[in-house]
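S.K.: So that you have it, the file is data.csv, and it contains CSV, C-alpha atoms and all ligand atoms:
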chain,number,residue,atom,x,y,z
A,1,MET,CA,-21.6,-5.7,17.8
A,2,VAL,CA,-19.9,-8.5,19.7
A,3,ALA,CA,-16.8,-7.3,21.4
A,4,VAL,CA,-13.4,-8.8,20.5
A,5,SER,CA,-10.1,-8.1,22.1
A,6,LYS,CA,-8.0,-5.1,21.2
A,7,ARG,CA,-4.9,-7.2,21.7
A,8,SER,CA,-5.8,-9.5,18.8
A,9,ASP,CA,-6.1,-6.6,16.4
A,10,ILE,CA,-2.7,-7.3,14.8
A,11,ALA,CA,-1.2,-7.1,11.4
A,12,ALA,CA,-1.4,-10.2,9.1
A,13,PHE,CA,1.8,-12.1,8.4
A,14,LEU,CA,1.8,-11.1,4.7
A,15,ALA,CA,4.2,-13.8,3.6
A,16,MET,CA,1.6,-16.3,4.8
A,17,ASP,CA,-1.2,-14.4,3.1
A,18,VAL,CA,0.7,-14.6,-0.2
A,19,LEU,CA,1.2,-18.3,0.4
A,20,ARG,CA,-2.6,-18.8,0.8
A,21,GLU,CA,-3.4,-16.9,-2.4
A,22,ALA,CA,-0.5,-18.7,-4.3
A,23,GLN,CA,-1.8,-22.1,-3.1
A,24,ASP,CA,-5.4,-21.2,-4.1
A,25,LEU,CA,-4.1,-20.2,-7.6
A,26,ALA,CA,-2.1,-23.4,-7.9
A,27,ARG,CA,-5.2,-25.4,-6.9
A,28,ALA,CA,-7.1,-23.7,-9.7
A,29,GLY,CA,-4.4,-24.9,-12.2
A,30,ARG,CA,-1.9,-22.0,-12.4
A,31,HIS,CA,1.8,-22.6,-12.3
A,32,ILE,CA,3.3,-20.6,-9.4
A,33,CYS,CA,6.9,-20.2,-8.6
A,34,HIS,CA,6.9,-20.3,-4.8
A,35,MET,CA,9.4,-17.8,-3.3
A,36,GLU,CA,7.2,-16.4,-0.6
A,37,VAL,CA,7.9,-18.3,2.6
A,38,GLY,CA,11.1,-19.6,4.1
A,39,GLN,CA,10.3,-23.2,3.5
A,40,PRO,CA,12.8,-25.7,2.3
A,41,GLY,CA,11.8,-27.5,-0.9
A,42,SER,CA,13.2,-30.7,0.5
A,43,ARG,CA,11.7,-33.2,2.8
A,44,ALA,CA,13.2,-34.0,6.2
A,45,PRO,CA,16.3,-36.1,6.0
A,46,LEU,CA,15.9,-39.8,5.4
A,47,ALA,CA,17.2,-40.7,8.9
A,48,VAL,CA,14.5,-38.5,10.5
A,49,ARG,CA,11.7,-40.0,8.4
A,50,GLU,CA,12.9,-43.5,9.3
A,51,ARG,CA,13.1,-42.7,13.0
A,52,ALA,CA,9.6,-41.2,12.8
A,53,LYS,CA,8.2,-44.4,11.2
A,54,GLN,CA,9.9,-46.5,13.9
A,55,ALA,CA,8.5,-44.2,16.6
A,56,ILE,CA,5.0,-44.6,15.3
A,57,ASP,CA,5.3,-48.4,15.6
A,58,GLU,CA,7.2,-48.5,18.9
A,59,GLU,CA,6.6,-45.4,21.0
A,60,LEU,CA,3.5,-44.4,22.9
A,61,LEU,CA,3.6,-40.9,21.5
A,62,GLY,CA,1.9,-39.4,24.4
A,63,TYR,CA,2.7,-36.2,26.2
A,64,THR,CA,6.4,-35.9,27.0
A,65,GLN,CA,8.0,-34.0,29.9
A,66,ALA,CA,7.3,-30.3,29.4
A,67,LEU,CA,10.9,-29.6,28.7
A,68,GLY,CA,11.2,-32.4,26.2
A,69,ILE,CA,12.5,-35.9,25.9
A,70,TRP,CA,15.9,-36.4,27.5
A,71,PRO,CA,17.7,-38.0,24.5
A,72,LEU,CA,16.9,-35.0,22.4
A,73,ARG,CA,18.0,-32.5,25.1
A,74,GLU,CA,21.3,-34.5,25.4
A,75,ARG,CA,21.8,-34.6,21.7
A,76,ILE,CA,21.3,-30.9,21.3
A,77,ALA,CA,23.7,-30.2,24.2
A,78,ALA,CA,26.3,-32.5,22.4
A,79,HIS,CA,25.6,-30.5,19.1
A,80,TYR,CA,26.9,-27.3,20.9
A,81,LYS,CA,30.1,-29.1,21.9
A,82,GLU,CA,30.6,-30.6,18.4
A,83,ASN,CA,29.7,-27.6,16.4
A,84,TYR,CA,30.8,-24.6,18.4
A,85,ASP,CA,33.0,-26.1,21.2
A,86,VAL,CA,30.6,-24.7,23.7
A,87,THR,CA,29.6,-26.6,26.8
A,88,ILE,CA,25.8,-26.7,27.5
A,89,GLU,CA,24.1,-28.8,30.1
A,90,PRO,CA,21.1,-30.9,28.7
A,91,ALA,CA,19.1,-29.3,31.6
A,92,GLN,CA,19.5,-25.9,29.9
A,93,VAL,CA,17.9,-27.2,26.7
A,94,VAL,CA,14.1,-26.6,26.4
A,95,ILE,CA,12.3,-28.3,23.5
A,96,THR,CA,9.7,-26.1,21.9
A,97,THR,CA,6.8,-26.2,19.4
A,98,GLY,CA,9.0,-24.5,16.8
A,99,SER,CA,10.9,-21.5,17.7
A,100,SER,CA,7.6,-19.6,17.4
A,101,ALA,CA,6.6,-21.1,20.8
A,102,GLY,CA,10.1,-20.3,22.1
A,103,PHE,CA,9.5,-16.6,21.6
A,104,ILE,CA,6.3,-16.7,23.6
A,105,LEU,CA,8.0,-18.6,26.4
A,106,SER,CA,11.1,-16.4,26.4
A,107,PHE,CA,9.1,-13.1,26.6
A,108,LEU,CA,6.8,-14.4,29.3
A,109,ALA,CA,9.7,-15.8,31.4
A,110,THR,CA,11.7,-12.6,31.4
A,111,LEU,CA,9.5,-9.6,30.8
A,112,ASP,CA,6.4,-7.9,32.2
A,113,ALA,CA,3.6,-6.1,30.4
A,114,GLY,CA,4.8,-2.7,29.1
A,115,ASP,CA,8.5,-3.7,29.0
A,116,VAL,CA,10.4,-2.6,25.9
A,117,VAL,CA,12.2,-4.9,23.5
A,118,ALA,CA,14.6,-3.7,20.8
A,119,ILE,CA,14.1,-5.6,17.5
A,120,PRO,CA,15.6,-5.1,14.0
A,121,ARG,CA,13.8,-3.3,11.2
A,122,PRO,CA,13.5,-5.0,8.7
A,123,GLY,CA,13.0,-8.1,10.8
A,124,TYR,CA,10.9,-11.2,11.1
A,125,PRO,CA,7.3,-9.9,11.3
A,126,CYS,CA,6.2,-12.2,14.1
A,127,TYR,CA,8.6,-10.6,16.6
A,128,ARG,CA,6.7,-7.3,16.4
A,129,GLU,CA,3.2,-8.9,16.5
A,130,ILE,CA,4.0,-11.4,19.3
A,131,LEU,CA,5.4,-8.6,21.4
A,132,LYS,CA,2.2,-6.6,20.8
A,133,LEU,CA,0.0,-9.6,21.7
A,134,LEU,CA,1.8,-9.9,25.0
A,135,ASP,CA,1.4,-6.2,25.9
A,136,LEU,CA,5.1,-5.6,25.3
A,137,GLN,CA,6.5,-2.7,23.4
A,138,SER,CA,9.0,-2.7,20.7
A,139,VAL,CA,11.6,-0.2,19.6
A,140,GLU,CA,13.2,-0.7,16.3
A,141,LEU,CA,16.8,-0.8,15.3
A,142,PRO,CA,16.8,0.7,11.8
A,143,LEU,CA,18.8,-1.3,9.3
A,144,ASP,CA,19.4,-0.1,5.8
A,145,PHE,CA,21.9,-0.1,2.9
A,146,GLU,CA,24.0,2.5,4.7
A,147,ASN,CA,24.7,0.3,7.8
A,148,GLY,CA,24.8,-2.8,5.7
A,149,PHE,CA,21.6,-4.1,7.3
A,150,LEU,CA,23.7,-4.9,10.4
A,151,PRO,CA,22.8,-3.7,13.9
A,152,THR,CA,25.5,-1.5,15.5
A,153,ILE,CA,26.5,-1.3,19.2
A,154,GLU,CA,25.6,2.4,19.0
A,155,ALA,CA,22.0,1.6,18.0
A,156,VAL,CA,21.7,-1.0,20.7
A,157,THR,CA,23.1,1.4,23.3
A,158,GLU,CA,20.6,4.1,22.2
A,159,ALA,CA,17.7,1.6,22.4
A,160,VAL,CA,18.7,0.7,25.9
A,161,GLU,CA,19.8,4.1,27.3
A,162,GLN,CA,17.4,6.4,25.5
A,163,LYS,CA,14.4,4.2,24.8
A,164,GLY,CA,14.5,2.0,27.9
A,165,ALA,CA,14.8,-1.4,26.2
A,166,LYS,CA,15.1,-4.2,28.7
A,167,ALA,CA,15.7,-6.8,26.1
A,168,LEU,CA,17.3,-7.2,22.6
A,169,LEU,CA,16.2,-9.6,19.9
A,170,LEU,CA,18.5,-10.3,16.9
A,171,ALA,CA,18.7,-12.9,14.2
A,172,SER,CA,21.9,-13.8,12.5
A,173,PRO,CA,21.8,-14.8,9.7
A,174,SER,CA,18.8,-12.6,9.3
A,175,ASN,CA,15.4,-12.8,7.9
A,176,PRO,CA,14.6,-11.0,5.5
A,177,THR,CA,18.1,-9.9,4.5
A,178,GLY,CA,20.3,-13.0,4.9
A,179,ARG,CA,22.9,-10.7,6.5
A,180,MET,CA,25.2,-12.2,9.2
A,181,ILE,CA,26.6,-10.4,12.2
A,182,SER,CA,30.3,-11.2,12.7
A,183,GLY,CA,31.3,-13.1,15.8
A,184,GLU,CA,33.2,-10.1,17.0
A,185,ARG,CA,30.2,-7.7,16.8
A,186,LEU,CA,27.9,-10.3,18.3
A,187,ASN,CA,30.1,-10.7,21.3
A,188,GLN,CA,30.5,-7.0,21.7
A,189,ILE,CA,26.7,-6.6,21.7
A,190,CYS,CA,26.3,-9.5,24.1
A,191,ASP,CA,28.9,-8.1,26.5
A,192,TYR,CA,27.1,-4.8,26.5
A,193,THR,CA,23.6,-6.4,27.2
A,194,THR,CA,25.1,-8.6,29.9
A,195,LYS,CA,26.9,-5.7,31.6
A,196,ASN,CA,23.7,-3.6,31.5
A,197,GLY,CA,21.3,-6.2,32.8
A,198,VAL,CA,19.5,-6.4,29.4
A,199,TRP,CA,18.1,-9.7,28.1
A,200,PHE,CA,19.6,-10.9,24.8
A,201,PHE,CA,17.3,-13.2,22.7
A,202,SER,CA,19.5,-14.6,19.9
A,203,ASP,CA,17.4,-16.1,17.1
A,204,GLU,CA,19.8,-18.6,15.6
A,205,ILE,CA,17.3,-20.4,13.4
A,206,TYR,CA,19.4,-19.9,10.3
A,207,HIS,CA,22.5,-21.4,11.7
A,208,GLY,CA,24.0,-24.0,9.4
A,209,LEU,CA,22.8,-21.9,6.4
A,210,SER,CA,25.7,-19.5,5.8
A,211,TYR,CA,27.7,-19.7,2.7
A,212,ASP,CA,31.1,-18.1,3.3
A,213,ALA,CA,31.7,-18.2,7.1
A,214,GLU,CA,30.2,-20.0,10.0
A,215,ALA,CA,27.7,-18.1,12.2
A,216,ALA,CA,28.7,-17.5,15.8
A,217,THR,CA,26.5,-18.5,18.7
A,218,VAL,CA,26.0,-16.8,22.0
A,219,ALA,CA,24.7,-20.0,23.7
A,220,GLY,CA,26.0,-20.2,27.2
A,221,ALA,CA,27.4,-16.7,27.0
A,222,GLY,CA,25.7,-15.4,30.2
A,223,GLU,CA,22.9,-15.4,32.7
A,224,GLN,CA,20.7,-13.1,30.5
A,225,VAL,CA,21.1,-14.8,27.2
A,226,ILE,CA,18.5,-17.0,25.6
A,227,VAL,CA,19.3,-18.8,22.3
A,228,LEU,CA,16.3,-19.8,20.1
A,229,ASN,CA,16.7,-22.4,17.4
A,230,SER,CA,14.6,-24.8,15.4
A,231,PHE,CA,14.6,-27.8,13.1
A,232,SER,CA,12.6,-25.8,10.6
A,233,LYS,CA,15.3,-24.4,8.3
A,234,TYR,CA,18.7,-26.2,8.1
A,235,TYR,CA,17.1,-29.5,9.1
A,236,SER,CA,14.2,-29.1,6.6
A,237,MET,CA,11.5,-29.8,9.1
A,238,THR,CA,9.2,-26.8,9.0
A,239,GLY,CA,5.9,-28.6,9.4
A,240,TRP,CA,7.2,-30.9,12.2
A,241,ARG,CA,6.8,-27.9,14.5
A,242,ILE,CA,9.9,-28.5,16.6
A,243,GLY,CA,12.6,-26.2,18.0
A,244,TRP,CA,14.7,-25.6,21.0
A,245,MET,CA,16.1,-23.0,23.3
A,246,VAL,CA,19.2,-22.8,25.4
A,247,VAL,CA,18.4,-21.0,28.6
A,248,PRO,CA,20.4,-20.1,31.7
A,249,SER,CA,20.0,-22.9,34.2
A,250,PHE,CA,18.0,-20.8,36.7
A,251,LEU,CA,15.3,-20.2,34.1
A,252,ALA,CA,14.6,-23.8,33.2
A,253,ARG,CA,12.0,-24.5,35.9
A,254,ARG,CA,10.2,-21.3,35.0
A,255,MET,CA,10.2,-22.3,31.3
A,256,GLU,CA,9.0,-25.8,32.4
A,257,LYS,CA,5.9,-24.3,34.2
A,258,LEU,CA,5.1,-22.0,31.3
A,259,ASN,CA,5.4,-24.8,28.8
A,260,GLN,CA,3.2,-27.1,31.0
A,261,HIS,CA,0.4,-24.6,30.9
A,262,LEU,CA,0.7,-23.2,27.4
A,263,PHE,CA,1.7,-26.2,25.2
A,264,ILE,CA,2.1,-29.2,27.6
A,265,SER,CA,4.9,-30.5,25.5
A,266,ALA,CA,6.2,-30.2,21.9
A,267,PRO,CA,4.9,-32.9,19.4
A,268,SER,CA,6.3,-36.2,20.6
A,269,LEU,CA,6.7,-37.8,17.2
A,270,SER,CA,8.8,-34.8,16.1
A,271,GLN,CA,10.9,-35.0,19.2
A,272,TYR,CA,11.8,-38.7,18.7
A,273,ALA,CA,12.5,-38.1,15.0
A,274,ALA,CA,14.6,-34.9,15.6
A,275,VAL,CA,17.2,-36.8,17.5
A,276,ALA,CA,18.3,-38.3,14.2
A,277,ALA,CA,18.6,-34.9,12.4
A,278,PHE,CA,22.1,-34.2,13.8
A,279,ASP,CA,23.4,-37.4,12.1
A,280,ALA,CA,22.1,-36.5,8.7
A,281,LEU,CA,24.7,-34.0,7.9
A,282,ASP,CA,25.7,-35.4,4.5
A,283,GLU,CA,22.2,-35.1,3.2
A,284,LEU,CA,21.7,-31.7,4.8
A,285,GLU,CA,24.9,-30.3,3.3
A,286,GLY,CA,23.7,-31.5,-0.1
A,287,ILE,CA,20.5,-29.5,0.4
A,288,LYS,CA,22.6,-26.5,1.4
A,289,ARG,CA,24.7,-26.8,-1.8
A,290,GLN,CA,21.4,-26.5,-3.8
A,291,TYR,CA,20.5,-23.3,-1.9
A,292,HIS,CA,24.0,-22.0,-2.8
A,293,ARG,CA,23.3,-22.7,-6.4
A,294,ASN,CA,19.8,-21.2,-6.2
A,295,ARG,CA,21.2,-18.1,-4.6
A,296,GLU,CA,23.5,-17.6,-7.6
A,297,ILE,CA,20.7,-18.1,-10.1
A,298,LEU,CA,18.4,-15.7,-8.3
A,299,CYS,CA,21.0,-12.9,-7.7
A,300,GLU,CA,22.1,-13.1,-11.4
A,301,GLY,CA,18.5,-13.1,-12.5
A,302,LEU,CA,17.6,-10.1,-10.3
A,303,VAL,CA,20.5,-8.1,-11.7
A,304,ALA,CA,19.5,-9.1,-15.3
A,305,ALA,CA,16.0,-7.9,-14.6
A,306,GLY,CA,17.4,-4.5,-13.4
A,307,PHE,CA,17.1,-5.1,-9.7
A,308,THR,CA,20.7,-4.5,-8.8
A,309,ASN,CA,20.4,-3.2,-5.2
A,310,PHE,CA,20.1,-5.9,-2.6
A,311,ALA,CA,21.5,-6.7,0.8
A,312,PRO,CA,24.5,-9.1,0.4
A,313,PRO,CA,22.9,-12.4,1.3
A,314,ASP,CA,25.5,-14.1,3.6
A,315,GLY,CA,23.1,-16.8,4.8
A,316,ALA,CA,19.6,-18.0,5.3
A,317,PHE,CA,17.8,-18.4,1.9
A,318,TYR,CA,16.5,-14.9,1.1
A,319,VAL,CA,17.4,-12.0,-1.0
A,320,TYR,CA,16.0,-8.6,0.1
A,321,VAL,CA,15.9,-6.4,-2.9
A,322,ASP,CA,15.2,-2.8,-3.7
A,323,VAL,CA,12.3,-2.5,-6.2
A,324,SER,CA,11.9,1.2,-5.9
A,325,SER,CA,12.7,1.7,-9.6
A,326,VAL,CA,9.3,0.1,-10.4
A,327,THR,CA,7.0,0.6,-7.4
A,328,ASP,CA,6.5,2.5,-4.2
A,329,ASP,CA,3.9,-0.1,-3.0
A,330,SER,CA,5.5,-3.5,-2.3
A,331,LEU,CA,2.2,-5.1,-1.3
A,332,ALA,CA,0.5,-4.1,-4.6
A,333,PHE,CA,3.7,-5.2,-6.4
A,334,SER,CA,3.7,-8.6,-4.8
A,335,GLN,CA,0.0,-9.0,-5.9
A,336,THR,CA,0.9,-8.1,-9.5
A,337,LEU,CA,3.8,-10.5,-9.5
A,338,LEU,CA,1.6,-13.3,-8.2
A,339,ARG,CA,-1.6,-12.7,-10.1
A,340,LYS,CA,-0.1,-11.6,-13.5
A,341,HIS,CA,3.2,-13.5,-13.6
A,342,GLY,CA,2.8,-16.4,-11.2
A,343,ILE,CA,5.7,-15.4,-9.0
A,344,ALA,CA,4.9,-15.6,-5.3
A,345,ALA,CA,7.2,-13.3,-3.2
A,346,SER,CA,6.9,-11.4,0.0
A,347,PRO,CA,6.4,-7.6,0.2
A,348,GLY,CA,8.9,-5.6,2.1
A,349,VAL,CA,6.2,-4.0,4.3
A,350,ASP,CA,5.8,-7.3,6.1
A,351,PHE,CA,9.3,-6.9,7.5
A,352,ASP,CA,9.5,-3.1,7.7
A,353,ARG,CA,6.5,-0.9,8.1
A,354,VAL,CA,8.6,2.3,7.5
A,355,ASP,CA,10.8,1.6,4.5
A,356,GLY,CA,9.5,-1.7,3.2
A,357,GLN,CA,7.3,-0.2,0.5
A,358,ARG,CA,10.3,-0.2,-1.8
A,359,MET,CA,11.6,-3.7,-1.0
A,360,MET,CA,10.7,-7.3,-1.8
A,361,ARG,CA,11.9,-10.6,-0.3
A,362,PHE,CA,12.5,-13.6,-2.5
A,363,SER,CA,13.1,-17.0,-0.9
A,364,TYR,CA,15.4,-19.4,-2.8
A,365,ALA,CA,14.7,-22.4,-0.5
A,366,GLY,CA,12.5,-24.1,-3.0
A,367,PRO,CA,13.3,-26.3,-6.0
A,368,GLU,CA,15.9,-24.9,-8.5
A,369,ALA,CA,13.3,-25.2,-11.3
A,370,ASP,CA,11.1,-22.6,-9.5
A,371,VAL,CA,14.0,-20.2,-9.1
A,372,VAL,CA,15.0,-20.6,-12.8
A,373,GLU,CA,11.4,-20.1,-14.0
A,374,ALA,CA,10.9,-17.1,-11.7
A,375,VAL,CA,14.0,-15.5,-13.1
A,376,ARG,CA,12.9,-16.3,-16.6
A,377,ARG,CA,9.5,-14.7,-16.0
A,378,LEU,CA,11.1,-11.6,-14.3
A,379,ALA,CA,13.3,-11.1,-17.3
A,380,GLY,CA,10.3,-10.9,-19.6
A,381,VAL,CA,8.3,-8.5,-17.6
A,382,ARG,CA,8.0,-4.8,-18.4
A,383,PHE,CA,7.2,-3.1,-15.2
B,1,LIG,C1,13.9,-15.4,11.8
B,1,LIG,C2,12.9,-16.5,12.1
B,1,LIG,N1,12.6,-16.8,13.4
B,1,LIG,C3,11.7,-17.7,13.7
B,1,LIG,C4,10.9,-18.4,12.7
B,1,LIG,C5,9.9,-19.3,13.2
B,1,LIG,O1,10.2,-20.6,12.8
B,1,LIG,P1,9.6,-22.0,13.5
B,1,LIG,O2,8.5,-21.6,14.4
B,1,LIG,O3,9.2,-22.8,12.3
B,1,LIG,O4,10.8,-22.5,14.2
B,1,LIG,C6,11.1,-18.0,11.4
B,1,LIG,C7,10.3,-18.6,10.3
B,1,LIG,O5,10.4,-18.3,9.2
B,1,LIG,C8,12.1,-17.1,11.1
B,1,LIG,O6,12.4,-16.7,9.8
What's the structure tokens form of this structure?
Ligand SMILES: Cc1ncc(COP(=O)(O)O)c(C=O)c1O
M.R.:
Amino acid sequence: MVAVSKRSDIAAFLAMDVLREAQDLARAGRHICHMEVGQPGSRAPLAVRERAKQAIDEELLGYTQALGIWPLRERIAAHYKENYDVTIEPAQVVITTGSSAGFILSFLATLDAGDVVAIPRPGYPCYREILKLLDLQSVELPLDFENGFLPTIEAVTEAVEQKGAKALLLASPSNPTGRMISGERLNQICDYTTKNGVWFFSDEIYHGLSYDAEAATVAGAGEQVIVLNSFSKYYSMTGWRIGWMVVPSFLARRMEKLNQHLFISAPSLSQYAAVAAFDALDELEGIKRQYHRNREILCEGLVAAGFTNFAPPDGAFYVYVDVSSVTDDSLAFSQTLLRKHGIAASPGVDFDRVDGQRMMRFSYAGPEADVVEAVRRLAGVRF
């Protein structure tokens, strides 16, 4: 048999597998309520689309500098001043091919093969698999109903001091739970990692999408902090494949060389268009109000269907819900929901290989009609 690499023997991203099957069923004529991936149901804001059309006519759209076009880096730096009152130099901003590329660049720039990274469980599945692909090890911070699905300083300390973690990766608001870490706790964790020479990768991709309080950033908080962000979520630009990082100044040149070789540059059309995203706040806030409404409909519907135990969804656009009353196999359950009832949702095992069999994640980022219909179907099901 032809040999293939051991490193590529990774787990599937199950949410994407569900998406594939859901799209196949939809193509065959089935009506599917899409709640499987974290994908806004809205197009990119009008100003972004207009800027893209203009760029197609007026710009060369070739490669850009590896770190990204200067106007976008400047606009992102200004966003930190406007939004968080944090001063960032444009030279610290690295434009990436979605935050997905940002993870690869961050890990390669700071860690060597075999190094250990602490990640949340449940957490975004790609953290675990990207680390594996790069010959890095992960230790998991177990999050559950008891600790409110929030990482504690004690768990971080243990990961560093007992399990040798050289880096910590956290997302707030989180995928899959939507939970948000308070500014106070985030700073406490960041102070600890800084004092102990541990890298802190802060995945802030769901910033802008919190419903009761604003999310805190650790951008610019120290020489061992990398912030990852993206236009995919709040800015409704998933398929434009464009994101950014804020890195310590001394790391920018290293990031530049890595990006030159790995990706050359992020998509130039998306870079030009993304500059306009920060001035589309009225439209984006309107989209967010819809998420807020969808969240209410979904939470009420889940409770009415008997699923009363879920992580309080502070932000993002997910509800992570306990379905142990009806199944101990979330993958099989997600297949039944999709194939029999036309509801596409993600199995908990995608996010948590230990306790995820009893959990499901529903995304409410799609159209309200999908959420309403999903809830109606759930109410009619006898599991
Ligand atoms: C927590 C988290 N981080 C990163 C990503 C990757 O997003 P992108 O590469 O589109 O920026 C996602 C996508 O769902 C996510 O949920």
S.K.: Give me the residues near Met359 (chain A) as a PyMOL selection string, where near means some atom within 6 Å (using only C-alpha atoms) and where sequence neighbours in that chain fewer than 4 positions away do not count.
M.R.: chain A and resi 321-323+348
S.K.: Against region 285-309 of chain A, which residues of region 54-152 of chain A fall within 12 Å? For each one I want the closest pair of atoms and the distance in Å (one decimal), counting only C-alpha atoms, rows by chain and increasing residue number, as a Markdown table.
M.R.:
| residue | atom | partner | partner_atom | distance |
| --- | --- | --- | --- | --- |
| A:Asp144 | CA | A:Asn309 | CA | 11.5 |
| A:Phe145 | CA | A:Asn309 | CA | 8.8 |
| A:Glu146 | CA | A:Asn309 | CA | 12.0 |
| A:Gly148 | CA | A:Asn309 | CA | 11.8 |
S.K.: One decimal, in Å: what's the spacing between CA of Ala113 (chain A) and CA of Lys132 (chain A)?
M.R.: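 Result for CA of Ala113 (chain A) versus CA of Lys132 (chain A): 9.7 Å, one decimal.
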S.K.: Figure out the distance between CA of Ala44 (chain A) and CA of Ala277 (chain A), please, to one decimal in Å.
M.R.: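 Separation of CA of Ala277 (chain A) and CA of Ala44 (chain A): 8.3 Å.
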S.K.: Give the answer as one residue: which of A:Ala22, A:Ile264, A:Ala12, A:Met245 has the shortest atom-to-atom distance to ligand LIG 1 (chain B), using all atoms listed in the file?
M.R.: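 For ligand LIG 1 (chain B), the nearest of the candidates is A:Met245.
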S.K.: To one decimal in Å, tell me the separation between CA of Asp355 (chain A) and CA of Ala332 (chain A).
M.R.: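 We find that CA of Asp355 (chain A) and CA of Ala332 (chain A) lie 14.9 Å from each other.
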S.K.: Could you build a table of the residues in chain A lying no more than 8 Å from ligand LIG 1 (chain B), giving for each the nearest pair of atoms and their separation in Å rounded to one decimal place, using all atoms listed in the file, ordered by chain and ascending residue number, as JSON lines?
M.R.:
{"residue": "A:Val37", "atom": "CA", "partner": "B:LIG1", "partner_atom": "O5", "distance": 7.1}
{"residue": "A:Gly38", "atom": "CA", "partner": "B:LIG1", "partner_atom": "O5", "distance": 5.3}
{"residue": "A:Gln39", "atom": "CA", "partner": "B:LIG1", "partner_atom": "O5", "distance": 7.5}
{"residue": "A:Thr97", "atom": "CA", "partner": "B:LIG1", "partner_atom": "O2", "distance": 7.0}
{"residue": "A:Gly98", "atom": "CA", "partner": "B:LIG1", "partner_atom": "O4", "distance": 3.7}
{"residue": "A:Ser99", "atom": "CA", "partner": "B:LIG1", "partner_atom": "O4", "distance": 3.6}
{"residue": "A:Ser100", "atom": "CA", "partner": "B:LIG1", "partner_atom": "O2", "distance": 3.7}
{"residue": "A:Ala101", "atom": "CA", "partner": "B:LIG1", "partner_atom": "O2", "distance": 6.7}
{"residue": "A:Gly102", "atom": "CA", "partner": "B:LIG1", "partner_atom": "O2", "distance": 8.0}
{"residue": "A:Gly123", "atom": "CA", "partner": "B:LIG1", "partner_atom": "C1", "distance": 7.4}
{"residue": "A:Tyr124", "atom": "CA", "partner": "B:LIG1", "partner_atom": "C1", "distance": 5.2}
{"residue": "A:Cys126", "atom": "CA", "partner": "B:LIG1", "partner_atom": "C3", "distance": 7.8}
{"residue": "A:Ala171", "atom": "CA", "partner": "B:LIG1", "partner_atom": "C1", "distance": 5.9}
{"residue": "A:Ser174", "atom": "CA", "partner": "B:LIG1", "partner_atom": "C1", "distance": 6.2}
{"residue": "A:Asn175", "atom": "CA", "partner": "B:LIG1", "partner_atom": "C1", "distance": 4.9}
{"residue": "A:Pro176", "atom": "CA", "partner": "B:LIG1", "partner_atom": "O6", "distance": 7.5}
{"residue": "A:Asp203", "atom": "CA", "partner": "B:LIG1", "partner_atom": "N1", "distance": 6.1}
{"residue": "A:Glu204", "atom": "CA", "partner": "B:LIG1", "partner_atom": "C1", "distance": 7.7}
{"residue": "A:Ile205", "atom": "CA", "partner": "B:LIG1", "partner_atom": "N1", "distance": 5.9}
{"residue": "A:Tyr206", "atom": "CA", "partner": "B:LIG1", "partner_atom": "C1", "distance": 7.3}
{"residue": "A:Asn229", "atom": "CA", "partner": "B:LIG1", "partner_atom": "O4", "distance": 6.7}
{"residue": "A:Ser230", "atom": "CA", "partner": "B:LIG1", "partner_atom": "O4", "distance": 4.6}
{"residue": "A:Phe231", "atom": "CA", "partner": "B:LIG1", "partner_atom": "O4", "distance": 6.6}
{"residue": "A:Ser232", "atom": "CA", "partner": "B:LIG1", "partner_atom": "O3", "distance": 4.8}
{"residue": "A:Lys233", "atom": "CA", "partner": "B:LIG1", "partner_atom": "O3", "distance": 7.5}
{"residue": "A:Thr238", "atom": "CA", "partner": "B:LIG1", "partner_atom": "O3", "distance": 5.2}
{"residue": "A:Gly239", "atom": "CA", "partner": "B:LIG1", "partner_atom": "O3", "distance": 7.3}
{"residue": "A:Arg241", "atom": "CA", "partner": "B:LIG1", "partner_atom": "O3", "distance": 6.1}
{"residue": "A:Ile242", "atom": "CA", "partner": "B:LIG1", "partner_atom": "O4", "distance": 6.5}
{"residue": "A:Gly243", "atom": "CA", "partner": "B:LIG1", "partner_atom": "O4", "distance": 5.6}
S.K.: Please, could N, CA and C atoms be added to region 294-300 of chain A and the result written as a CSV table (one decimal), in the frame of the given file?
M.R.:
chain,number,residue,atom,x,y,z
A,294,ASN,N,21.0,-22.0,-6.0
A,294,ASN,CA,19.8,-21.2,-6.2
A,294,ASN,C,20.1,-19.7,-5.9
A,295,ARG,N,20.9,-19.4,-4.9
A,295,ARG,CA,21.2,-18.1,-4.6
A,295,ARG,C,21.9,-17.4,-5.8
A,296,GLU,N,22.8,-18.1,-6.4
A,296,GLU,CA,23.5,-17.6,-7.6
A,296,GLU,C,22.5,-17.3,-8.7
A,297,ILE,N,21.7,-18.2,-9.0
A,297,ILE,CA,20.7,-18.1,-10.1
A,297,ILE,C,19.8,-16.9,-9.8
A,298,LEU,N,19.3,-16.8,-8.6
A,298,LEU,CA,18.4,-15.7,-8.3
A,298,LEU,C,19.1,-14.3,-8.3
A,299,CYS,N,20.3,-14.2,-7.7
A,299,CYS,CA,21.0,-12.9,-7.7
A,299,CYS,C,21.3,-12.5,-9.2
A,300,GLU,N,21.8,-13.4,-10.0
A,300,GLU,CA,22.1,-13.1,-11.4
A,300,GLU,C,20.8,-12.7,-12.1
